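Below you'll find the structure, written out as structure tokens, and then a few comments.
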Amino acid sequence: MNEEDLPYLQRGRQKVETTSSVLISSSKYMNDFRIREWVTTQCLKRNGRDYPVTYGIPSLIDAVREVQDHERIEELFNEARRGWPEFDKWLDERWLARLTREDMKSCPEGSVGGIWYQWLVGAGMEVDIIPTFEPRSGFEYFFLRGVQIHDIMHILSGGGFDGIGEIMPAFLKYGNLFRHFTPELAGLLNVQNTLLTIPMFMRGPLHYPELTLRMFELAHYAMKVGEQSDALFLPRYEDWLDLPLEEARRKFGVRGAQTIDTSRESAYWSEQVERYEPLSDAAEAVAAE
């Protein structure tokens, strides 16, 4: 078929010949079957109770760590070290928390540790999302430390420990890393975050359209908090778990944050209720207070 006979939007297609007998593209992410399976499933599925939203995460983590360019990330880390003594020291020390749930049992109510402890006990969970390991590179350390402080980012950003609440720490990370690093490095450090989070914004409108605007509002809010805040991956939060939440936000330079209840949205998102009814403006104002 001649080019002029094609629909306008299909013109300009170039065929690339290959001797490969299997699927191959210029995208290393598309080339990995685990990532393709994850993206397809997470973008198109409903949130059924038979398939926990966390089920595919371990294989996704393995895939991302294998396909990422570790050497390039280390080069960019070394560039970022120059002129940033605090980051340089942070990467050299590679400090890791050795915290258990019971270590927070005595934290006051309303403190970061108190809030965290109550949630862990209520959910029957422990502190470590994945087993702690000894990082062999700056990138492995950045990844592991990010896992260790994930729940703390929930608390500081104001996101609930539920399905829709996951939007807040995710977009906090986008705003924060793209503020404090170059776009290339921030993008590389957000690969896993992107694959975990962005599919929510496809299956949301497909299956839970009532939540669509709310999800984007929360994403915008959290990204702005990240942009306005200090480098949130640097502090040793575990040394300050007794601090009341608002005092902790001030100490660590978390700006513009508020605590947001997403339990109603998450109940509909997880199909625990059949209908989502947004709060009225007046009721939402009272809830925010």
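Within each chain, counting starts at residue 1; across the structure tokens, chains are named A, B, ... in the order shown, with ligands numbered 1 upward in that order.
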(Q) Taking 5 positions as the minimum chain separation for residues in the same chain, which residues sit within 12 Å of Asp92 (chain A) when counting only C-alpha atoms? Answer as a PyMOL selection string. (A) chain A and resi 77-78+81+85-87+135-139+141-142
Q) If we count only C-alpha atoms, what is near Pro209 (chain A) at a cut-off of 12 Å, once residues fewer than 4 positions away on the same chain are taken out, given as a ChimeraX atom specification? A) /A:200-205,213-216,265,268-269,275-276
Would you mind exporting the chosen residues as a PDB file, in the first residue's frame, restricted to N, CA and C atoms?
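Contents of again_13.pdb, freshly written:
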ATOM      1  N   MET A 200      -1.852   2.229  38.218  1.00  0.00           N
ATOM      2  CA  MET A 200      -3.064   2.575  38.956  1.00  0.00           C
ATOM      3  C   MET A 200      -3.903   3.583  38.189  1.00  0.00           C
ATOM      4  N   PHE A 201      -3.213   4.468  37.454  1.00  0.00           N
ATOM      5  CA  PHE A 201      -3.909   5.566  36.781  1.00  0.00           C
ATOM      6  C   PHE A 201      -4.461   5.139  35.425  1.00  0.00           C
ATOM      7  N   MET A 202      -4.245   3.888  35.050  1.00  0.00           N
ATOM      8  CA  MET A 202      -4.947   3.330  33.904  1.00  0.00           C
ATOM      9  C   MET A 202      -6.130   2.496  34.367  1.00  0.00           C
ATOM     10  N   ARG A 203      -5.904   1.567  35.301  1.00  0.00           N
ATOM     11  CA  ARG A 203      -7.036   0.733  35.710  1.00  0.00           C
ATOM     12  C   ARG A 203      -8.043   1.515  36.544  1.00  0.00           C
ATOM     13  N   GLY A 204      -7.638   2.646  37.105  1.00  0.00           N
ATOM     14  CA  GLY A 204      -8.590   3.487  37.828  1.00  0.00           C
ATOM     15  C   GLY A 204      -9.726   3.957  36.941  1.00  0.00           C
ATOM     16  N   PRO A 205      -9.438   4.739  35.877  1.00  0.00           N
ATOM     17  CA  PRO A 205     -10.520   5.181  34.994  1.00  0.00           C
ATOM     18  C   PRO A 205     -11.249   4.034  34.302  1.00  0.00           C
ATOM     19  N   LEU A 213     -10.664  11.616  39.462  1.00  0.00           N
ATOM     20  CA  LEU A 213     -10.236  12.976  39.791  1.00  0.00           C
ATOM     21  C   LEU A 213      -9.571  13.020  41.157  1.00  0.00           C
ATOM     22  N   ARG A 214     -10.092  12.248  42.101  1.00  0.00           N
ATOM     23  CA  ARG A 214      -9.500  12.214  43.442  1.00  0.00           C
ATOM     24  C   ARG A 214      -8.071  11.688  43.393  1.00  0.00           C
ATOM     25  N   MET A 215      -7.828  10.650  42.604  1.00  0.00           N
ATOM     26  CA  MET A 215      -6.484  10.088  42.486  1.00  0.00           C
ATOM     27  C   MET A 215      -5.501  11.110  41.925  1.00  0.00           C
ATOM     28  N   PHE A 216      -5.916  11.846  40.908  1.00  0.00           N
ATOM     29  CA  PHE A 216      -5.026  12.854  40.330  1.00  0.00           C
ATOM     30  C   PHE A 216      -4.819  14.035  41.284  1.00  0.00           C
ATOM     31  N   GLU A 265     -12.013   5.970  49.898  1.00  0.00           N
ATOM     32  CA  GLU A 265     -11.596   5.701  48.526  1.00  0.00           C
ATOM     33  C   GLU A 265     -11.002   4.299  48.402  1.00  0.00           C
ATOM     34  N   TYR A 268     -13.510   1.361  48.288  1.00  0.00           N
ATOM     35  CA  TYR A 268     -14.093   1.162  46.961  1.00  0.00           C
ATOM     36  C   TYR A 268     -13.051   0.599  45.991  1.00  0.00           C
ATOM     37  N   TRP A 269     -11.827   1.100  46.073  1.00  0.00           N
ATOM     38  CA  TRP A 269     -10.725   0.640  45.219  1.00  0.00           C
ATOM     39  C   TRP A 269     -10.480  -0.856  45.397  1.00  0.00           C
ATOM     40  N   ARG A 275     -20.122   0.969  46.238  1.00  0.00           N
ATOM     41  CA  ARG A 275     -20.323   2.327  45.733  1.00  0.00           C
ATOM     42  C   ARG A 275     -19.403   3.294  46.451  1.00  0.00           C
ATOM     43  N   TYR A 276     -18.910   4.275  45.694  1.00  0.00           N
ATOM     44  CA  TYR A 276     -18.101   5.346  46.285  1.00  0.00           C
ATOM     45  C   TYR A 276     -18.906   6.631  46.263  1.00  0.00           C
TER      46      TYR A 276
END
Next item on the list: Check the smallest atom-to-atom distance from each of A:Thr54, A:Asn176, A:Thr19, A:Gln10 to Thr197 (chain A) using only C-alpha atoms, then report the winner.
Entry: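 Comparing A:Thr54, A:Asn176, A:Thr19, A:Gln10 against Thr197 (chain A), the winner is A:Thr54.
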**Study point:** Nearby residues (only C-alpha atoms) at most 12 Å from region 23-33 of chain A, same-chain spacing under 2 positions excluded, as a list in words
**Key:**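 Near region 23-33 of chain A, the qualifying residues are Val16, Glu17, Thr18, Thr19, Ser20, Ser21, Ile35, Arg36, Glu37, Trp38, Val39, Thr40, Ser59, Leu60, Asp62, Ala63, Val64, Arg65, Glu66, Val67, Gln68, Asp69, Val191, Gln192, Thr194 and Leu195 of chain A.
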| field | Residue nearest Glu140 (chain A) among A:Glu126, A:Glu4, A:Glu74, A:Asp103 (counting only C-alpha atoms) | value |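 Among the listed residues, the smallest separation from Glu140 (chain A) belongs to A:Glu74.
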Students should find that CA of Tyr221 (chain A) and CA of Gly146 (chain A) are spaced 20.6 Å
